[in-house]
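Working notes for the structure below.
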Amino acid sequence: MTRTIHYHLTYTFLTIALPLPSRAAEESRPPNFVVIYADDLGYGDLSCFGHPTIRTPHLDRMAAEGMRFTQFYSAACVCTPSRAALMTGRLPIRNGMCSEKRRVLFPDSGGGIPADEITLAELLKEQGYTTGCFGKWHLGHLPQFLPTKNGFDAYFGIPYSNDMDRLNDVAPKGREAFWNPKVEYWNVPLMRDEEIIERPADQTTITRRYTEEAVKFIQAHKDQPFFVYLPHSMVHIPLFRSPEFEGVSQRGLYGDCVEEVDWSVGQVLETLREEALAENTLVWFSSDNGPWLIFDLHGGSAGVLRDGKGCTWEGGMREPTIAWWPETIPAGEVSLELGSTMDVFCTCAALAGAKIPDDRVIDGVDLTPVLTGEGPSPREHVLYYRGTQLMAIRWGPWKAHYYTQDAYGAGARLRMGQDPPLLFHLGHDPAEKYNVNADHPDVLETIDAIAEAHRKNLDAPPSQLEIPLPTDP
Ligand code: MG
């Protein structure tokens, strides 16, 4: 009895004498999260994903120290729906963040991410995280839709794409403006929190400035759990890079811009190492959609995959993805497991100890077993939407196309119904060249059943992308 009291007193004394966080408290601190999201970067645009002339030493090191995913998907083939899915863990069809009429939000759009959606930032804030968004938002530019209204404590970036607000009296006509882009051709605002601080945004230094803001934020908030979302506006056309990256890449302007994004990743990881945060931080790198092939050398490459941005062939939605968390993720792993950017939502939520919302359908799954090397992906299928149309479904290695439509500018753009659906084995045939539907009616039956179950559970609200900007009375 005396002993027990003695220990108790000692414990109390130590607790009072040492106000710094105890070792036990440090160990129970949930991991920090950093999500770096490139724009329109193709599956084949990093050296660790096979590009022969673009050099990405920092992403290559990230992959060597972490896990490279070769079968990881965005939930859409264009910006706005893809970002909505990343932030909510839900297919864009469930929250109105897609449309058949307008592919994305524009400066004349009056819609945005609905207030009742729960973003990853909101979920993590409830768990005590500090949250910052540095880059392109594209989920609504009106005040009620900004990052600061969606769970982020801090925001620095552009509210929509870097090719919007084009000044037609300044810029050359048509695609000419992109071949030799000048900052003054696009009157894109740069915002801090809810204020416009620069217009047009100086896009030549924008990759560097997003990075500096993210690094400062990590340094300032290192003593508490944080979530940093770093959605670069590069390598979406018009392409811009800092003077230090002019002419550095054999791949030309596009390569220069990828290499600056790579530098940015290096800065973030180096900061985490310097601040002794590496072993307690999960960093994701991915892209919002495939390469914009219509822009010739100013667009990227999907490597072996078919087609690019704007379609549901693999090149439109499979993304070069890397996860890094030293001492938790086995170094140098290449994972062939299925993953989706919607799984980032569920994985981070689970690791933070947050409750996944159970009042709505969540399409993400928790990939923690894959990251730790302890088990397979719980993800069994991938749904490929273009706008509001379910175009294709992947189940295991099989992918059935109910509709096909080529990417922007890649020839015929008509949507074609496929009955019976085209069927490809993506293990044997990642380039989707050889239709084998005649040999596998049983596989098509299983995929039909997945489509049927999905439709039964689908409630699609009106599109946010079709809401016009309110006009003053
Ligand atoms: Mg994009």
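Ligands are numbered from 1 in the order shown, residues from 1 within each chain, and chains are lettered A, B, ... in the order they appear in the structure tokens.
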Mind listing the residues within 12 Å of ligand 1, only C-alpha atoms and all ligand atoms counted, as a PyMOL selection string?
-> chain A and resi 37-42+74-83+103-105+136-138+160-163+231-237+286-292+299-300+308-310+316-317+319
Dump of C-alpha atoms for the selected residues, as a CSV table (one decimal), in the first residue's frame:
chain,number,residue,atom,x,y,z
A,37,TYR,CA,-0.9,16.9,-55.7
A,38,ALA,CA,0.4,17.8,-59.2
A,39,ASP,CA,-1.9,19.0,-61.9
A,40,ASP,CA,-2.1,17.2,-65.2
A,41,LEU,CA,1.1,15.2,-64.6
A,42,GLY,CA,1.1,12.0,-66.6
A,74,SER,CA,-7.9,9.5,-59.3
A,75,ALA,CA,-11.7,9.6,-59.2
A,76,ALA,CA,-12.1,11.7,-62.3
A,77,CYS,CA,-10.2,12.6,-65.4
A,78,VAL,CA,-10.3,16.4,-64.9
A,79,CYS,CA,-9.5,18.9,-62.1
A,80,THR,CA,-12.6,19.9,-60.1
A,81,PRO,CA,-14.2,16.4,-59.6
A,82,SER,CA,-10.8,14.9,-59.0
A,83,ARG,CA,-10.1,17.3,-56.2
A,103,ARG,CA,-16.3,19.7,-67.0
A,104,VAL,CA,-14.9,21.9,-64.1
A,105,LEU,CA,-15.7,25.1,-62.2
A,136,LYS,CA,-4.7,25.5,-56.6
A,137,TRP,CA,-8.1,24.9,-54.9
A,138,HIS,CA,-10.7,24.6,-57.7
A,160,TYR,CA,-9.1,27.9,-60.0
A,161,SER,CA,-7.0,26.8,-62.9
A,162,ASN,CA,-4.0,28.9,-64.1
A,163,ASP,CA,-5.4,29.1,-67.7
A,231,PRO,CA,-1.8,21.1,-54.8
A,232,HIS,CA,0.6,22.6,-57.3
A,233,SER,CA,-0.8,24.5,-60.2
A,234,MET,CA,1.9,23.1,-62.4
A,235,VAL,CA,2.2,21.2,-64.8
A,236,HIS,CA,-1.2,22.5,-66.1
A,237,ILE,CA,-0.8,24.8,-69.2
A,286,SER,CA,-0.1,12.0,-56.8
A,287,SER,CA,-1.7,13.9,-59.7
A,288,ASP,CA,-5.3,15.0,-60.3
A,289,ASN,CA,-5.7,13.5,-63.8
A,290,GLY,CA,-3.7,12.4,-66.8
A,291,PRO,CA,-1.6,14.5,-69.2
A,292,TRP,CA,-3.3,17.0,-71.5
A,299,GLY,CA,1.4,18.2,-72.2
A,300,GLY,CA,2.8,15.2,-70.5
A,308,GLY,CA,-4.8,11.1,-71.3
A,309,LYS,CA,-6.7,13.8,-69.5
A,310,GLY,CA,-10.5,14.0,-70.1
A,316,GLY,CA,-6.8,9.7,-68.0
A,317,MET,CA,-7.0,8.4,-64.5
A,319,GLU,CA,-1.6,8.4,-61.5
Taking only region 248-380 of chain A into account, list the residues labelled helix (DSSP H, G or I) by DSSP (computed from the backbone), as a compact mmCIF listing (two decimals) with C-alpha atoms, in the first residue's frame.
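Dumped everything to out.txt:
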# COMPACT_ATOMS: atom_id res chain seq x y z
CA LEU A 253 9.66 23.71 -70.85
CA TYR A 254 7.39 20.89 -69.65
CA GLY A 255 10.38 19.04 -68.19
CA ASP A 256 11.63 22.23 -66.49
CA CYS A 257 8.24 22.56 -64.76
CA VAL A 258 8.15 18.91 -63.64
CA GLU A 259 11.69 19.30 -62.29
CA GLU A 260 10.66 22.35 -60.26
CA VAL A 261 7.75 20.38 -58.77
CA ASP A 262 10.31 17.67 -57.97
CA TRP A 263 12.49 20.28 -56.25
CA SER A 264 9.43 21.30 -54.23
CA VAL A 265 8.93 17.72 -53.02
CA GLY A 266 12.60 17.64 -52.02
CA GLN A 267 12.21 20.84 -49.97
CA VAL A 268 9.23 19.45 -48.08
CA LEU A 269 10.87 16.10 -47.30
CA GLU A 270 14.13 17.80 -46.28
CA THR A 271 12.20 20.07 -43.90
CA LEU A 272 10.56 17.04 -42.32
CA ARG A 273 13.98 15.41 -41.87
CA GLU A 274 15.55 18.56 -40.42
CA ALA A 278 10.01 12.31 -40.92
CA GLU A 279 9.16 9.23 -38.89
CA ASN A 280 5.90 10.75 -37.78
CA LEU A 293 -2.29 15.52 -74.80
CA ILE A 294 -3.90 18.16 -77.01
CA PHE A 295 -1.15 20.57 -75.94
CA ASP A 296 1.53 18.64 -77.78
CA LEU A 297 4.93 19.13 -76.13
CA HIS A 298 3.32 21.28 -73.41
CA GLU A 314 -6.09 4.32 -68.15
CA GLY A 315 -4.00 7.34 -69.19
CA GLY A 316 -6.78 9.67 -68.04
CA MET A 317 -7.04 8.40 -64.48
CA THR A 341 -7.05 9.20 -54.15
CA MET A 342 -10.34 8.73 -52.25
CA ASP A 343 -8.47 6.22 -50.09
CA VAL A 344 -6.15 9.00 -48.94
CA PHE A 345 -9.18 10.40 -47.09
CA CYS A 346 -9.97 7.12 -45.32
CA THR A 347 -6.36 6.19 -44.60
CA CYS A 348 -5.51 9.55 -43.03
CA ALA A 349 -8.78 9.56 -41.09
CA ALA A 350 -8.08 6.09 -39.69
CA LEU A 351 -4.47 6.92 -38.75
CA ALA A 352 -5.61 10.12 -37.02
CA THR A 368 -3.01 1.27 -43.92
CA PRO A 369 -2.44 -2.51 -44.35
CA VAL A 370 -0.87 -1.85 -47.75
CA LEU A 371 1.33 0.96 -46.41
CA THR A 372 2.65 -1.16 -43.55
Any idea what's packed within 8 Å of Leu305 (chain A), counting only C-alpha atoms, ignoring anything in its chain fewer than 6 positions away? Could you give it as a PyMOL selection string?
-> chain A and resi 43+313-315+430-432
Go through A:Ile54, A:Asp116, A:Ala453, A:Arg175 one by one, measure the shortest atom-to-atom distance of each to Gly247 (chain A) using only C-alpha atoms, and give the residue with the smallest value.
->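 Ranked by minimum distance to Gly247 (chain A), first place goes to A:Ile54.
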Excluding His454 (chain A) and any residue of its chain fewer than 2 positions from it, enumerate the residues within 12 Å of it, using only C-alpha atoms, and give them as a VMD selection string.
-> chain A and resid 91 93 to 94 361 363 381 to 383 390 393 447 to 452 456 to 460
If you measure from CA of Ala400 (chain A) to CA of Thr70 (chain A), what distance in Å do you get, rounded to one decimal?
->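 Distance reported for this atom pair: 19.3 Å.
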Have a look at CA of Asp165 (chain A) and CA of Asn180 (chain A) and let me know their distance in Å, one decimal.
->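 Here the two named atoms are 17.2 Å from each other.
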Considering only C-alpha atoms, return as an MDAnalysis selection string whatever protein or nucleic-acid residues lie within 7 Å of Ala331 (chain A), sequence-local ones (same chain, fewer than 4 positions apart) excluded.
-> chainID A and resid 64:67
Shortest interatomic distance to Tyr155 (chain A) - which of A:Leu123, A:Ile206, A:Ile356, A:Leu230, counting only C-alpha atoms =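 Among A:Leu123, A:Ile206, A:Ile356, A:Leu230, it is A:Leu230 that comes nearest to Tyr155 (chain A).
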Considering only C-alpha atoms, return as a PDB file with C-alpha atoms, in the first residue's frame whatever protein or nucleic-acid residues lie within 10 Å of Tyr229 (chain A), sequence-local ones (same chain, fewer than 5 positions apart) excluded.
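Done, and the output landed in part.pdb:
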ATOM      1  CA  PHE A  33      -0.062  14.304 -43.192  1.00  0.00           C
ATOM      2  CA  VAL A  34       1.234  16.013 -46.314  1.00  0.00           C
ATOM      3  CA  VAL A  35      -0.586  15.551 -49.622  1.00  0.00           C
ATOM      4  CA  ILE A  36       1.292  16.864 -52.664  1.00  0.00           C
ATOM      5  CA  TYR A  37      -0.944  16.897 -55.727  1.00  0.00           C
ATOM      6  CA  MET A  87     -11.023  16.047 -50.196  1.00  0.00           C
ATOM      7  CA  LEU A 120     -10.379  15.709 -44.853  1.00  0.00           C
ATOM      8  CA  ALA A 121      -9.238  19.028 -43.377  1.00  0.00           C
ATOM      9  CA  THR A 131      -4.322  22.557 -41.463  1.00  0.00           C
ATOM     10  CA  GLY A 132      -2.911  24.505 -44.393  1.00  0.00           C
ATOM     11  CA  CYS A 133      -3.622  24.531 -48.134  1.00  0.00           C
ATOM     12  CA  PHE A 134      -0.971  25.924 -50.498  1.00  0.00           C
ATOM     13  CA  GLY A 135      -1.825  25.866 -54.184  1.00  0.00           C
ATOM     14  CA  LYS A 136      -4.705  25.453 -56.606  1.00  0.00           C
ATOM     15  CA  TRP A 137      -8.070  24.896 -54.931  1.00  0.00           C
ATOM     16  CA  PHE A 152      -8.146  24.883 -43.564  1.00  0.00           C
ATOM     17  CA  TYR A 155      -4.608  29.246 -47.518  1.00  0.00           C
ATOM     18  CA  ALA A 214       4.257  24.978 -46.972  1.00  0.00           C
ATOM     19  CA  VAL A 283       3.495  12.086 -47.274  1.00  0.00           C
ATOM     20  CA  TRP A 284       1.508  11.298 -50.420  1.00  0.00           C
TER      21      TRP A 284
END
Take CA of His428 (chain A) and CA of Gly396 (chain A) and report the distance between them in Å, one decimal.
->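 Taking CA of His428 (chain A) and CA of Gly396 (chain A), their separation equals 12.2 Å.
Of the residues listed (A:Gly151, A:Pro31, A:Gly89, A:Gly44), A:Gly44 shows the shortest atom-to-atom separation from Ala302 (chain A); distances use only C-alpha atoms.
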Among region 295-452 of chain A, which residues carry a DSSP assignment of strand (DSSP E or B), reported as a PyMOL selection string?
-> chain A and resi 318+321-324+333-335+339-340+381-386+389-395+398-404+416-425
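Comparing the minimum interatomic distances between Phe226 (chain A) and each of A:Trp186, A:Tyr434, A:Tyr129, A:Trp398, counting only C-alpha atoms, we find that A:Tyr129 sits nearest.
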Any idea what's packed within 10 Å of Glu466 (chain A), counting only C-alpha atoms, ignoring anything in its chain fewer than 4 positions away? Could you give it as a PyMOL selection string?
-> chain A and resi 96-106+108-112+462
Pick out the closest residue to Pro357 (chain A) from this set: A:Arg90, A:Arg68, A:Arg455, A:Arg29. Count only C-alpha atoms.
->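 When distances to Pro357 (chain A) are compared using only C-alpha atoms, the smallest one comes from A:Arg90.
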Nearest candidate to Met164 (chain A) (options A:Val183, A:Val188, A:Leu465, A:Cys48; using only C-alpha atoms) |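 Ranked by minimum distance to Met164 (chain A), first place goes to A:Val188.
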